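Source file: start33.pdb. Holds: PDB, C-alpha atoms (C1' of nucleotides).
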ATOM      1  CA  MET R 278       2.466  -8.661 -14.804  1.00  0.00           C
ATOM      2  CA  ASP R 279      -0.871  -7.259 -13.884  1.00  0.00           C
ATOM      3  CA  LYS R 280      -2.113  -6.158 -10.504  1.00  0.00           C
ATOM      4  CA  SER R 281      -3.935  -9.330  -9.518  1.00  0.00           C
ATOM      5  CA  GLU R 282      -0.969 -11.507 -10.399  1.00  0.00           C
ATOM      6  CA  LEU R 283       1.357  -9.331  -8.330  1.00  0.00           C
ATOM      7  CA  LEU R 284      -0.986  -9.536  -5.364  1.00  0.00           C
ATOM      8  CA  ARG R 285      -1.318 -13.306  -5.658  1.00  0.00           C
ATOM      9  CA  ILE R 286       2.457 -13.731  -5.741  1.00  0.00           C
ATOM     10  CA  ILE R 287       3.045 -11.482  -2.741  1.00  0.00           C
ATOM     11  CA  GLY R 288       0.307 -13.252  -0.824  1.00  0.00           C
ATOM     12  CA  LYS R 289       1.695 -16.659  -1.622  1.00  0.00           C
ATOM     13  CA  ARG R 290       5.113 -15.544  -0.444  1.00  0.00           C
ATOM     14  CA  ILE R 291       3.725 -14.392   2.891  1.00  0.00           C
ATOM     15  CA  LEU R 292       1.857 -17.671   3.281  1.00  0.00           C
ATOM     16  CA  GLU R 293       5.077 -19.602   2.642  1.00  0.00           C
ATOM     17  CA  LEU R 294       7.012 -17.573   5.171  1.00  0.00           C
ATOM     18  CA  ARG R 295       4.260 -17.946   7.741  1.00  0.00           C
ATOM     19  CA  GLU R 296       4.115 -21.700   7.311  1.00  0.00           C
ATOM     20  CA  GLU R 297       7.901 -21.954   7.540  1.00  0.00           C
ATOM     21  CA  LYS R 298       7.580 -20.460  10.996  1.00  0.00           C
ATOM     22  CA  ASN R 299       4.681 -22.732  11.877  1.00  0.00           C
ATOM     23  CA  LEU R 300       2.422 -19.870  12.672  1.00  0.00           C
ATOM     24  CA  THR R 301      -1.319 -19.778  12.224  1.00  0.00           C
ATOM     25  CA  GLN R 302      -2.935 -16.641  10.832  1.00  0.00           C
ATOM     26  CA  LEU R 303      -4.027 -15.941  14.373  1.00  0.00           C
ATOM     27  CA  ASP R 304      -0.468 -16.256  15.679  1.00  0.00           C
ATOM     28  CA  LEU R 305       0.782 -13.907  13.000  1.00  0.00           C
ATOM     29  CA  ALA R 306      -1.931 -11.325  13.559  1.00  0.00           C
ATOM     30  CA  ALA R 307      -1.142 -11.363  17.269  1.00  0.00           C
ATOM     31  CA  LYS R 308       2.555 -10.736  16.615  1.00  0.00           C
ATOM     32  CA  ILE R 309       1.893  -7.788  14.370  1.00  0.00           C
ATOM     33  CA  GLU R 310       2.443  -4.368  15.848  1.00  0.00           C
ATOM     34  CA  GLY R 311      -0.762  -2.422  16.363  1.00  0.00           C
ATOM     35  CA  ASP R 312      -4.188  -3.734  15.548  1.00  0.00           C
ATOM     36  CA  PHE R 313      -4.341  -6.558  13.095  1.00  0.00           C
ATOM     37  CA  ASP R 314      -6.992  -9.129  12.423  1.00  0.00           C
ATOM     38  CA  THR R 315      -6.811 -12.576  10.870  1.00  0.00           C
ATOM     39  CA  THR R 316      -9.241 -11.216   8.308  1.00  0.00           C
ATOM     40  CA  ASN R 317      -6.491  -9.012   6.963  1.00  0.00           C
ATOM     41  CA  VAL R 318      -3.972 -11.829   6.915  1.00  0.00           C
ATOM     42  CA  SER R 319      -6.390 -13.920   4.922  1.00  0.00           C
ATOM     43  CA  ARG R 320      -7.172 -11.128   2.486  1.00  0.00           C
ATOM     44  CA  ILE R 321      -3.525 -10.363   1.866  1.00  0.00           C
ATOM     45  CA  GLU R 322      -2.401 -13.974   1.571  1.00  0.00           C
ATOM     46  CA  SER R 323      -5.090 -14.697  -0.961  1.00  0.00           C
ATOM     47  CA  GLY R 324      -4.321 -11.562  -2.978  1.00  0.00           C
ATOM     48  CA  ARG R 325      -7.722 -10.016  -2.448  1.00  0.00           C
ATOM     49  CA  THR R 326      -6.268  -6.741  -1.201  1.00  0.00           C
ATOM     50  CA  ASN R 327      -3.468  -4.422  -2.282  1.00  0.00           C
ATOM     51  CA  PRO R 328      -1.612  -3.772   0.972  1.00  0.00           C
ATOM     52  CA  THR R 329       0.323  -0.630   1.738  1.00  0.00           C
ATOM     53  CA  ILE R 330       4.044  -0.790   2.288  1.00  0.00           C
ATOM     54  CA  PHE R 331       3.623  -0.130   5.988  1.00  0.00           C
ATOM     55  CA  THR R 332       1.270  -3.092   6.318  1.00  0.00           C
ATOM     56  CA  LEU R 333       3.811  -5.307   4.564  1.00  0.00           C
ATOM     57  CA  TYR R 334       6.536  -3.939   6.774  1.00  0.00           C
ATOM     58  CA  ARG R 335       4.630  -4.875   9.911  1.00  0.00           C
ATOM     59  CA  ILE R 336       4.051  -8.354   8.505  1.00  0.00           C
ATOM     60  CA  ALA R 337       7.749  -8.716   7.675  1.00  0.00           C
ATOM     61  CA  GLN R 338       8.667  -7.714  11.212  1.00  0.00           C
ATOM     62  CA  ALA R 339       6.262 -10.259  12.688  1.00  0.00           C
ATOM     63  CA  LEU R 340       7.739 -12.935  10.428  1.00  0.00           C
ATOM     64  CA  ASP R 341      11.285 -11.916  11.337  1.00  0.00           C
ATOM     65  CA  VAL R 342      12.258 -11.308   7.750  1.00  0.00           C
ATOM     66  CA  LYS R 343      13.333  -8.227   5.856  1.00  0.00           C
ATOM     67  CA  LEU R 344      10.828  -6.332   3.801  1.00  0.00           C
ATOM     68  CA  GLU R 345      12.814  -7.149   0.686  1.00  0.00           C
ATOM     69  CA  ASP R 346      12.475 -10.873   1.401  1.00  0.00           C
ATOM     70  CA  ILE R 347       8.760 -10.567   0.797  1.00  0.00           C
ATOM     71  CA  MET R 348       9.456  -8.792  -2.500  1.00  0.00           C
ATOM     72  CA  LYS R 349      11.906 -11.348  -3.790  1.00  0.00           C
ATOM     73  CA  ILE R 350       9.548 -12.743  -6.330  1.00  0.00           C
ATOM     74  CA  GLU R 351      10.265 -14.117  -9.739  1.00  0.00           C
ATOM     75  CA  ILE R 352       8.754 -11.363 -11.785  1.00  0.00           C
ATOM     76  CA  PRO R 353       7.663 -12.747 -15.134  1.00  0.00           C
ATOM     77  CA  GLU R 354       9.211 -10.545 -17.831  1.00  0.00           C
ATOM     78  CA  ASP R 355       6.168  -8.372 -18.266  1.00  0.00           C
TER      79      ASP R 355
ATOM     80  CA  MET G 146      11.259   1.917  12.980  1.00  0.00           C
ATOM     81  CA  ASP G 147       7.995   3.735  12.898  1.00  0.00           C
ATOM     82  CA  LYS G 148       5.716   4.368   9.965  1.00  0.00           C
ATOM     83  CA  SER G 149       6.911   7.840   9.068  1.00  0.00           C
ATOM     84  CA  GLU G 150      10.545   6.783   9.114  1.00  0.00           C
ATOM     85  CA  LEU G 151       9.796   3.838   6.837  1.00  0.00           C
ATOM     86  CA  LEU G 152       7.975   6.081   4.405  1.00  0.00           C
ATOM     87  CA  ARG G 153      10.781   8.621   4.380  1.00  0.00           C
ATOM     88  CA  ILE G 154      13.351   5.931   3.652  1.00  0.00           C
ATOM     89  CA  ILE G 155      11.332   4.377   0.846  1.00  0.00           C
ATOM     90  CA  GLY G 156      10.707   7.807  -0.636  1.00  0.00           C
ATOM     91  CA  LYS G 157      14.368   8.736  -0.502  1.00  0.00           C
ATOM     92  CA  ARG G 158      15.264   5.497  -2.234  1.00  0.00           C
ATOM     93  CA  ILE G 159      12.857   6.207  -5.074  1.00  0.00           C
ATOM     94  CA  LEU G 160      14.241   9.721  -5.403  1.00  0.00           C
ATOM     95  CA  GLU G 161      17.770   8.339  -5.628  1.00  0.00           C
ATOM     96  CA  LEU G 162      16.813   5.830  -8.290  1.00  0.00           C
ATOM     97  CA  ARG G 163      14.953   8.471 -10.268  1.00  0.00           C
ATOM     98  CA  GLU G 164      17.899  10.856 -10.187  1.00  0.00           C
ATOM     99  CA  GLU G 165      20.279   8.085 -11.226  1.00  0.00           C
ATOM    100  CA  LYS G 166      18.209   7.761 -14.360  1.00  0.00           C
ATOM    101  CA  ASN G 167      18.095  11.530 -14.846  1.00  0.00           C
ATOM    102  CA  LEU G 168      14.348  11.595 -14.876  1.00  0.00           C
ATOM    103  CA  THR G 169      12.163  14.409 -13.642  1.00  0.00           C
ATOM    104  CA  GLN G 170       9.050  13.593 -11.651  1.00  0.00           C
ATOM    105  CA  LEU G 171       7.115  14.382 -14.803  1.00  0.00           C
ATOM    106  CA  ASP G 172       9.217  11.951 -16.840  1.00  0.00           C
ATOM    107  CA  LEU G 173       8.667   9.249 -14.276  1.00  0.00           C
ATOM    108  CA  ALA G 174       4.932   9.814 -14.022  1.00  0.00           C
ATOM    109  CA  ALA G 175       4.685   9.605 -17.790  1.00  0.00           C
ATOM    110  CA  LYS G 176       6.526   6.281 -17.870  1.00  0.00           C
ATOM    111  CA  ILE G 177       4.302   4.722 -15.272  1.00  0.00           C
ATOM    112  CA  GLU G 178       1.688   2.308 -16.501  1.00  0.00           C
ATOM    113  CA  GLY G 179      -1.834   3.633 -16.197  1.00  0.00           C
ATOM    114  CA  ASP G 180      -2.695   7.017 -14.782  1.00  0.00           C
ATOM    115  CA  PHE G 181      -0.130   8.652 -12.593  1.00  0.00           C
ATOM    116  CA  ASP G 182       0.366  12.229 -11.577  1.00  0.00           C
ATOM    117  CA  THR G 183       3.497  14.087 -10.482  1.00  0.00           C
ATOM    118  CA  THR G 184       1.575  14.912  -7.340  1.00  0.00           C
ATOM    119  CA  ASN G 185       1.775  11.279  -6.356  1.00  0.00           C
ATOM    120  CA  VAL G 186       5.453  11.028  -7.148  1.00  0.00           C
ATOM    121  CA  SER G 187       6.103  14.020  -4.931  1.00  0.00           C
ATOM    122  CA  ARG G 188       3.971  12.694  -2.096  1.00  0.00           C
ATOM    123  CA  ILE G 189       5.621   9.286  -2.169  1.00  0.00           C
ATOM    124  CA  GLU G 190       9.170  10.607  -2.488  1.00  0.00           C
ATOM    125  CA  SER G 191       8.680  12.886   0.462  1.00  0.00           C
ATOM    126  CA  GLY G 192       7.094  10.164   2.579  1.00  0.00           C
ATOM    127  CA  ARG G 193       3.787  11.921   2.941  1.00  0.00           C
ATOM    128  CA  THR G 194       1.813   8.926   1.731  1.00  0.00           C
ATOM    129  CA  ASN G 195       1.865   5.210   2.424  1.00  0.00           C
ATOM    130  CA  PRO G 196       1.785   3.694  -1.059  1.00  0.00           C
ATOM    131  CA  THR G 197       0.314   0.323  -1.911  1.00  0.00           C
ATOM    132  CA  ILE G 198       2.533  -2.441  -3.199  1.00  0.00           C
ATOM    133  CA  PHE G 199       1.006  -2.144  -6.658  1.00  0.00           C
ATOM    134  CA  THR G 200       1.868   1.538  -6.811  1.00  0.00           C
ATOM    135  CA  LEU G 201       5.457   0.744  -5.832  1.00  0.00           C
ATOM    136  CA  TYR G 202       5.546  -2.015  -8.393  1.00  0.00           C
ATOM    137  CA  ARG G 203       4.537   0.364 -11.168  1.00  0.00           C
ATOM    138  CA  ILE G 204       7.187   2.817 -10.020  1.00  0.00           C
ATOM    139  CA  ALA G 205       9.822   0.070  -9.984  1.00  0.00           C
ATOM    140  CA  GLN G 206       8.859  -0.906 -13.521  1.00  0.00           C
ATOM    141  CA  ALA G 207       9.139   2.673 -14.740  1.00  0.00           C
ATOM    142  CA  LEU G 208      12.550   2.949 -13.089  1.00  0.00           C
ATOM    143  CA  ASP G 209      13.664  -0.368 -14.604  1.00  0.00           C
ATOM    144  CA  VAL G 210      14.479  -1.857 -11.231  1.00  0.00           C
ATOM    145  CA  LYS G 211      13.081  -4.781  -9.320  1.00  0.00           C
ATOM    146  CA  LEU G 212      10.543  -4.212  -6.609  1.00  0.00           C
ATOM    147  CA  GLU G 213      12.984  -5.578  -4.063  1.00  0.00           C
ATOM    148  CA  ASP G 214      15.546  -2.946  -5.072  1.00  0.00           C
ATOM    149  CA  ILE G 215      13.260  -0.291  -3.681  1.00  0.00           C
ATOM    150  CA  MET G 216      12.934  -2.258  -0.440  1.00  0.00           C
ATOM    151  CA  LYS G 217      16.643  -2.744   0.075  1.00  0.00           C
ATOM    152  CA  ILE G 218      16.860  -0.302   2.885  1.00  0.00           C
ATOM    153  CA  GLU G 219      19.080  -0.356   5.899  1.00  0.00           C
ATOM    154  CA  ILE G 220      16.464  -1.105   8.487  1.00  0.00           C
ATOM    155  CA  PRO G 221      17.558   0.316  11.819  1.00  0.00           C
ATOM    156  CA  GLU G 222      17.305  -2.497  14.388  1.00  0.00           C
ATOM    157  CA  ASP G 223      13.849  -1.548  15.565  1.00  0.00           C
TER     158      ASP G 223
ATOM    159  C1'  DT V  53     -21.634 -37.051  15.343  1.00  0.00           C
ATOM    160  C1'  DC V  54     -19.873 -33.260  17.869  1.00  0.00           C
ATOM    161  C1'  DC V  55     -16.415 -30.023  18.719  1.00  0.00           C
ATOM    162  C1'  DA V  56     -12.474 -27.248  18.121  1.00  0.00           C
ATOM    163  C1'  DT V  57      -9.190 -25.118  15.168  1.00  0.00           C
ATOM    164  C1'  DA V  58      -7.991 -22.744  10.987  1.00  0.00           C
ATOM    165  C1'  DC V  59      -9.328 -20.155   7.519  1.00  0.00           C
ATOM    166  C1'  DT V  60     -12.607 -17.614   4.253  1.00  0.00           C
ATOM    167  C1'  DT V  61     -16.072 -14.480   3.153  1.00  0.00           C
ATOM    168  C1'  DG V  62     -19.492 -10.760   3.603  1.00  0.00           C
ATOM    169  C1'  DA V  63     -20.823  -6.501   5.554  1.00  0.00           C
ATOM    170  C1'  DC V  64     -19.901  -2.183   7.676  1.00  0.00           C
ATOM    171  C1'  DA V  65     -17.671   2.363   9.212  1.00  0.00           C
ATOM    172  C1'  DT V  66     -13.489   4.830   9.156  1.00  0.00           C
ATOM    173  C1'  DT V  67      -9.442   6.294   7.256  1.00  0.00           C
ATOM    174  C1'  DT V  68      -6.364   6.886   3.535  1.00  0.00           C
ATOM    175  C1'  DT V  69      -4.560   6.326  -1.050  1.00  0.00           C
ATOM    176  C1'  DT V  70      -5.144   7.621  -5.591  1.00  0.00           C
ATOM    177  C1'  DG V  71      -6.037  10.613  -9.444  1.00  0.00           C
ATOM    178  C1'  DA V  72      -6.893  15.315 -10.919  1.00  0.00           C
ATOM    179  C1'  DC V  73      -6.451  20.139 -10.842  1.00  0.00           C
ATOM    180  C1'  DA V  74      -4.954  24.649  -9.243  1.00  0.00           C
ATOM    181  C1'  DA V  75      -1.858  27.488  -7.008  1.00  0.00           C
ATOM    182  C1'  DG V  76       2.377  28.234  -4.680  1.00  0.00           C
ATOM    183  C1'  DT V  77       7.637  28.102  -3.982  1.00  0.00           C
ATOM    184  C1'  DC V  78      12.215  28.071  -5.647  1.00  0.00           C
ATOM    185  C1'  DA V  79      16.210  28.187  -8.527  1.00  0.00           C
ATOM    186  C1'  DA V  80      18.519  29.000 -12.953  1.00  0.00           C
ATOM    187  C1'  DG V  81      18.934  31.496 -17.059  1.00  0.00           C
ATOM    188  C1'  DA V  82      17.808  35.019 -20.680  1.00  0.00           C
TER     189       DA V  82
ATOM    190  C1'  DT M 267      13.025  41.307 -13.781  1.00  0.00           C
ATOM    191  C1'  DC M 268      10.583  37.838 -16.232  1.00  0.00           C
ATOM    192  C1'  DT M 269      10.042  33.313 -17.613  1.00  0.00           C
ATOM    193  C1'  DT M 270      10.511  28.532 -17.549  1.00  0.00           C
ATOM    194  C1'  DG M 271      11.050  24.126 -15.430  1.00  0.00           C
ATOM    195  C1'  DA M 272      10.865  21.291 -11.338  1.00  0.00           C
ATOM    196  C1'  DC M 273       8.736  20.432  -7.412  1.00  0.00           C
ATOM    197  C1'  DT M 274       5.444  21.142  -3.357  1.00  0.00           C
ATOM    198  C1'  DT M 275       1.170  21.772  -1.277  1.00  0.00           C
ATOM    199  C1'  DG M 276      -3.868  22.259  -0.817  1.00  0.00           C
ATOM    200  C1'  DT M 277      -8.390  20.648  -2.009  1.00  0.00           C
ATOM    201  C1'  DC M 278     -11.636  17.470  -3.818  1.00  0.00           C
ATOM    202  C1'  DA M 279     -14.098  13.115  -5.310  1.00  0.00           C
ATOM    203  C1'  DA M 280     -13.760   8.321  -5.999  1.00  0.00           C
ATOM    204  C1'  DA M 281     -11.913   4.120  -4.918  1.00  0.00           C
ATOM    205  C1'  DA M 282      -9.808   1.116  -1.832  1.00  0.00           C
ATOM    206  C1'  DA M 283      -7.288  -0.443   2.506  1.00  0.00           C
ATOM    207  C1'  DT M 284      -7.939  -1.156   7.227  1.00  0.00           C
ATOM    208  C1'  DG M 285     -10.120  -2.655  11.425  1.00  0.00           C
ATOM    209  C1'  DT M 286     -13.972  -5.119  13.401  1.00  0.00           C
ATOM    210  C1'  DC M 287     -17.521  -8.413  13.853  1.00  0.00           C
ATOM    211  C1'  DA M 288     -20.359 -12.203  12.437  1.00  0.00           C
ATOM    212  C1'  DA M 289     -21.203 -16.162   9.843  1.00  0.00           C
ATOM    213  C1'  DG M 290     -19.729 -19.806   6.788  1.00  0.00           C
ATOM    214  C1'  DT M 291     -16.637 -23.764   5.189  1.00  0.00           C
ATOM    215  C1'  DA M 292     -13.459 -27.463   5.878  1.00  0.00           C
ATOM    216  C1'  DT M 293     -10.615 -30.640   8.353  1.00  0.00           C
ATOM    217  C1'  DG M 294      -9.265 -33.578  12.007  1.00  0.00           C
ATOM    218  C1'  DG M 295      -9.824 -35.616  16.505  1.00  0.00           C
ATOM    219  C1'  DA M 296     -12.535 -37.303  20.534  1.00  0.00           C
TER     220       DA M 296
END
Would you mind writing the file out in structure tokens?
Amino acid sequence: MDKSELLRIIGKRILELREEKNLTQLDLAAKIEGDFDTTNVSRIESGRTNPTIFTLYRIAQALDVKLEDIMKIEIPED
Amino acid sequence: MDKSELLRIIGKRILELREEKNLTQLDLAAKIEGDFDTTNVSRIESGRTNPTIFTLYRIAQALDVKLEDIMKIEIPED
DNA sequence: TCCATACTTGACATTTTTGACAAGTCAAGA
DNA sequence: TCTTGACTTGTCAAAAATGTCAAGTATGGA
């Protein structure tokens, strides 16, 4: 799996989790610890950025899920 | 959990996985797809840097574990 | 049609990761 | 002691994430 595919999958997973909670990007950004903008949510969900683990951790916290839940992705065998 | 604690935990987990496989930092760096230096392994294992998800993914691949296995950390309740 | 909401996209400055190299520490063994 | 291997730490440039704002698109409702 290449970088862009990984980022798309992670982003899609975050989008799914956010929609499960019925949150808008604005709601999510507001729940995230520290400064966070809907711009970043959009960029991450659409796979246009390669977030750091701390950024993902803050997102996981705001979504009330574990960090590993965001990583539970069906990784195509290479 | 604050940022530095998260990074220390993730780093420790990678160190554990690497030692389970009896790899040196040099071995690991060499197995990682694309360019990777032992400097980076050291910085990540010691929690001095906040790696991107793609970097962690490449490390997971080199360690033959799933990305989520690196994230399976006992998260202290806040 | 107009408006509001939700989201995307572009631009920008700041900060940080990444990749590379050199030098330093530290421990084990000849 | 000297050397080797493993790892750490500092510096540096290049690339990229982050944070912020503004503008654009799209949809649905009044």
Please, can I see chain G fitted onto chain R by all in-order Cα atoms (least squares), as a PDB file with C-alpha atoms, in the frame of the given file?
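Saved the output as selection_33.pdb:
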ATOM      1  CA  MET G 146       2.454  -8.702 -14.803  1.00  0.00           C
ATOM      2  CA  ASP G 147      -0.876  -7.282 -13.875  1.00  0.00           C
ATOM      3  CA  LYS G 148      -2.117  -6.185 -10.491  1.00  0.00           C
ATOM      4  CA  SER G 149      -3.939  -9.348  -9.511  1.00  0.00           C
ATOM      5  CA  GLU G 150      -0.977 -11.530 -10.402  1.00  0.00           C
ATOM      6  CA  LEU G 151       1.345  -9.355  -8.329  1.00  0.00           C
ATOM      7  CA  LEU G 152      -0.984  -9.559  -5.364  1.00  0.00           C
ATOM      8  CA  ARG G 153      -1.306 -13.319  -5.655  1.00  0.00           C
ATOM      9  CA  ILE G 154       2.461 -13.739  -5.741  1.00  0.00           C
ATOM     10  CA  ILE G 155       3.055 -11.484  -2.754  1.00  0.00           C
ATOM     11  CA  GLY G 156       0.311 -13.258  -0.838  1.00  0.00           C
ATOM     12  CA  LYS G 157       1.720 -16.677  -1.620  1.00  0.00           C
ATOM     13  CA  ARG G 158       5.132 -15.552  -0.443  1.00  0.00           C
ATOM     14  CA  ILE G 159       3.737 -14.393   2.885  1.00  0.00           C
ATOM     15  CA  LEU G 160       1.877 -17.673   3.278  1.00  0.00           C
ATOM     16  CA  GLU G 161       5.086 -19.599   2.638  1.00  0.00           C
ATOM     17  CA  LEU G 162       7.024 -17.570   5.173  1.00  0.00           C
ATOM     18  CA  ARG G 163       4.268 -17.943   7.744  1.00  0.00           C
ATOM     19  CA  GLU G 164       4.128 -21.706   7.305  1.00  0.00           C
ATOM     20  CA  GLU G 165       7.910 -21.960   7.553  1.00  0.00           C
ATOM     21  CA  LYS G 166       7.581 -20.456  10.994  1.00  0.00           C
ATOM     22  CA  ASN G 167       4.670 -22.739  11.870  1.00  0.00           C
ATOM     23  CA  LEU G 168       2.413 -19.856  12.670  1.00  0.00           C
ATOM     24  CA  THR G 169      -1.326 -19.762  12.197  1.00  0.00           C
ATOM     25  CA  GLN G 170      -2.934 -16.629  10.810  1.00  0.00           C
ATOM     26  CA  LEU G 171      -4.049 -15.918  14.353  1.00  0.00           C
ATOM     27  CA  ASP G 172      -0.493 -16.264  15.663  1.00  0.00           C
ATOM     28  CA  LEU G 173       0.768 -13.913  13.006  1.00  0.00           C
ATOM     29  CA  ALA G 174      -1.931 -11.319  13.577  1.00  0.00           C
ATOM     30  CA  ALA G 175      -1.143 -11.373  17.276  1.00  0.00           C
ATOM     31  CA  LYS G 176       2.555 -10.769  16.643  1.00  0.00           C
ATOM     32  CA  ILE G 177       1.929  -7.812  14.410  1.00  0.00           C
ATOM     33  CA  GLU G 178       2.521  -4.404  15.896  1.00  0.00           C
ATOM     34  CA  GLY G 179      -0.655  -2.441  16.451  1.00  0.00           C
ATOM     35  CA  ASP G 180      -4.095  -3.714  15.589  1.00  0.00           C
ATOM     36  CA  PHE G 181      -4.304  -6.507  13.100  1.00  0.00           C
ATOM     37  CA  ASP G 182      -7.012  -8.999  12.370  1.00  0.00           C
ATOM     38  CA  THR G 183      -6.837 -12.481  10.853  1.00  0.00           C
ATOM     39  CA  THR G 184      -9.258 -11.176   8.268  1.00  0.00           C
ATOM     40  CA  ASN G 185      -6.505  -8.994   6.903  1.00  0.00           C
ATOM     41  CA  VAL G 186      -3.975 -11.790   6.899  1.00  0.00           C
ATOM     42  CA  SER G 187      -6.381 -13.922   4.909  1.00  0.00           C
ATOM     43  CA  ARG G 188      -7.183 -11.157   2.449  1.00  0.00           C
ATOM     44  CA  ILE G 189      -3.533 -10.351   1.841  1.00  0.00           C
ATOM     45  CA  GLU G 190      -2.404 -13.969   1.561  1.00  0.00           C
ATOM     46  CA  SER G 191      -5.076 -14.698  -0.982  1.00  0.00           C
ATOM     47  CA  GLY G 192      -4.319 -11.570  -2.995  1.00  0.00           C
ATOM     48  CA  ARG G 193      -7.718 -10.035  -2.496  1.00  0.00           C
ATOM     49  CA  THR G 194      -6.298  -6.767  -1.218  1.00  0.00           C
ATOM     50  CA  ASN G 195      -3.507  -4.447  -2.278  1.00  0.00           C
ATOM     51  CA  PRO G 196      -1.659  -3.797   0.978  1.00  0.00           C
ATOM     52  CA  THR G 197       0.279  -0.654   1.768  1.00  0.00           C
ATOM     53  CA  ILE G 198       4.010  -0.811   2.291  1.00  0.00           C
ATOM     54  CA  PHE G 199       3.583  -0.146   6.001  1.00  0.00           C
ATOM     55  CA  THR G 200       1.249  -3.105   6.345  1.00  0.00           C
ATOM     56  CA  LEU G 201       3.788  -5.321   4.580  1.00  0.00           C
ATOM     57  CA  TYR G 202       6.518  -3.944   6.778  1.00  0.00           C
ATOM     58  CA  ARG G 203       4.632  -4.900   9.926  1.00  0.00           C
ATOM     59  CA  ILE G 204       4.046  -8.367   8.515  1.00  0.00           C
ATOM     60  CA  ALA G 205       7.740  -8.728   7.666  1.00  0.00           C
ATOM     61  CA  GLN G 206       8.656  -7.726  11.209  1.00  0.00           C
ATOM     62  CA  ALA G 207       6.276 -10.273  12.699  1.00  0.00           C
ATOM     63  CA  LEU G 208       7.737 -12.942  10.424  1.00  0.00           C
ATOM     64  CA  ASP G 209      11.294 -11.918  11.339  1.00  0.00           C
ATOM     65  CA  VAL G 210      12.249 -11.300   7.738  1.00  0.00           C
ATOM     66  CA  LYS G 211      13.316  -8.215   5.867  1.00  0.00           C
ATOM     67  CA  LEU G 212      10.819  -6.314   3.801  1.00  0.00           C
ATOM     68  CA  GLU G 213      12.807  -7.125   0.687  1.00  0.00           C
ATOM     69  CA  ASP G 214      12.470 -10.849   1.413  1.00  0.00           C
ATOM     70  CA  ILE G 215       8.764 -10.562   0.792  1.00  0.00           C
ATOM     71  CA  MET G 216       9.445  -8.772  -2.496  1.00  0.00           C
ATOM     72  CA  LYS G 217      11.909 -11.318  -3.803  1.00  0.00           C
ATOM     73  CA  ILE G 218       9.556 -12.713  -6.337  1.00  0.00           C
ATOM     74  CA  GLU G 219      10.293 -14.113  -9.730  1.00  0.00           C
ATOM     75  CA  ILE G 220       8.805 -11.351 -11.793  1.00  0.00           C
ATOM     76  CA  PRO G 221       7.660 -12.749 -15.117  1.00  0.00           C
ATOM     77  CA  GLU G 222       9.182 -10.561 -17.851  1.00  0.00           C
ATOM     78  CA  ASP G 223       6.160  -8.330 -18.197  1.00  0.00           C
TER      79      ASP G 223
END
Report task. Please provide the set of residues having any atom within 10 Å of Glu310 (chain R), restricted to only C-alpha atoms (C1' of nucleotides), with same-chain residues fewer than 5 positions apart removed, written as a PyMOL selection string. Result -> chain R and resi 332+334-336+338-339
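With distances taken over all atoms listed in the file, V:DT69 is the one residue among V:DC59, V:DC64, V:DT69, V:DA74 lying closest to Pro196 (chain G).
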Query raised in the report: Do you know which residues the PyMOL selection byres ((chain R and resi 299-302) around 10) returns on this file, as a ChimeraX atom specification?
Result: /R:292-298,303-308,314-319,322,340 /V:57-59
Could you tell me which residues of chain R sit within 12 Å of chain G when counting only C-alpha atoms, and give me the result as an mmCIF file with C-alpha atoms, in the coordinates of the input?
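Result file follows (iface.cif):
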data_model
loop_
_atom_site.group_PDB
_atom_site.id
_atom_site.type_symbol
_atom_site.label_atom_id
_atom_site.label_comp_id
_atom_site.auth_asym_id
_atom_site.auth_seq_id
_atom_site.Cartn_x
_atom_site.Cartn_y
_atom_site.Cartn_z
ATOM 1 C CA MET R 278 2.466 -8.661 -14.804
ATOM 2 C CA ASP R 279 -0.871 -7.259 -13.884
ATOM 3 C CA LYS R 280 -2.113 -6.158 -10.504
ATOM 4 C CA SER R 281 -3.935 -9.330 -9.518
ATOM 5 C CA GLU R 282 -0.969 -11.507 -10.399
ATOM 6 C CA LEU R 283 1.357 -9.331 -8.330
ATOM 7 C CA LEU R 284 -0.986 -9.536 -5.364
ATOM 8 C CA ARG R 285 -1.318 -13.306 -5.658
ATOM 9 C CA ILE R 286 2.457 -13.731 -5.741
ATOM 10 C CA ILE R 287 3.045 -11.482 -2.741
ATOM 11 C CA GLY R 288 0.307 -13.252 -0.824
ATOM 12 C CA GLU R 310 2.443 -4.368 15.848
ATOM 13 C CA GLY R 311 -0.762 -2.422 16.363
ATOM 14 C CA ILE R 321 -3.525 -10.363 1.866
ATOM 15 C CA GLY R 324 -4.321 -11.562 -2.978
ATOM 16 C CA THR R 326 -6.268 -6.741 -1.201
ATOM 17 C CA ASN R 327 -3.468 -4.422 -2.282
ATOM 18 C CA PRO R 328 -1.612 -3.772 0.972
ATOM 19 C CA THR R 329 0.323 -0.630 1.738
ATOM 20 C CA ILE R 330 4.044 -0.790 2.288
ATOM 21 C CA PHE R 331 3.623 -0.130 5.988
ATOM 22 C CA THR R 332 1.270 -3.092 6.318
ATOM 23 C CA LEU R 333 3.811 -5.307 4.564
ATOM 24 C CA TYR R 334 6.536 -3.939 6.774
ATOM 25 C CA ARG R 335 4.630 -4.875 9.911
ATOM 26 C CA ALA R 337 7.749 -8.716 7.675
ATOM 27 C CA GLN R 338 8.667 -7.714 11.212
ATOM 28 C CA ALA R 339 6.262 -10.259 12.688
ATOM 29 C CA ASP R 341 11.285 -11.916 11.337
ATOM 30 C CA VAL R 342 12.258 -11.308 7.750
ATOM 31 C CA LYS R 343 13.333 -8.227 5.856
ATOM 32 C CA LEU R 344 10.828 -6.332 3.801
ATOM 33 C CA GLU R 345 12.814 -7.149 0.686
ATOM 34 C CA ASP R 346 12.475 -10.873 1.401
ATOM 35 C CA ILE R 347 8.760 -10.567 0.797
ATOM 36 C CA MET R 348 9.456 -8.792 -2.500
ATOM 37 C CA LYS R 349 11.906 -11.348 -3.790
ATOM 38 C CA ILE R 350 9.548 -12.743 -6.330
ATOM 39 C CA GLU R 351 10.265 -14.117 -9.739
ATOM 40 C CA ILE R 352 8.754 -11.363 -11.785
ATOM 41 C CA PRO R 353 7.663 -12.747 -15.134
ATOM 42 C CA GLU R 354 9.211 -10.545 -17.831
ATOM 43 C CA ASP R 355 6.168 -8.372 -18.266
#
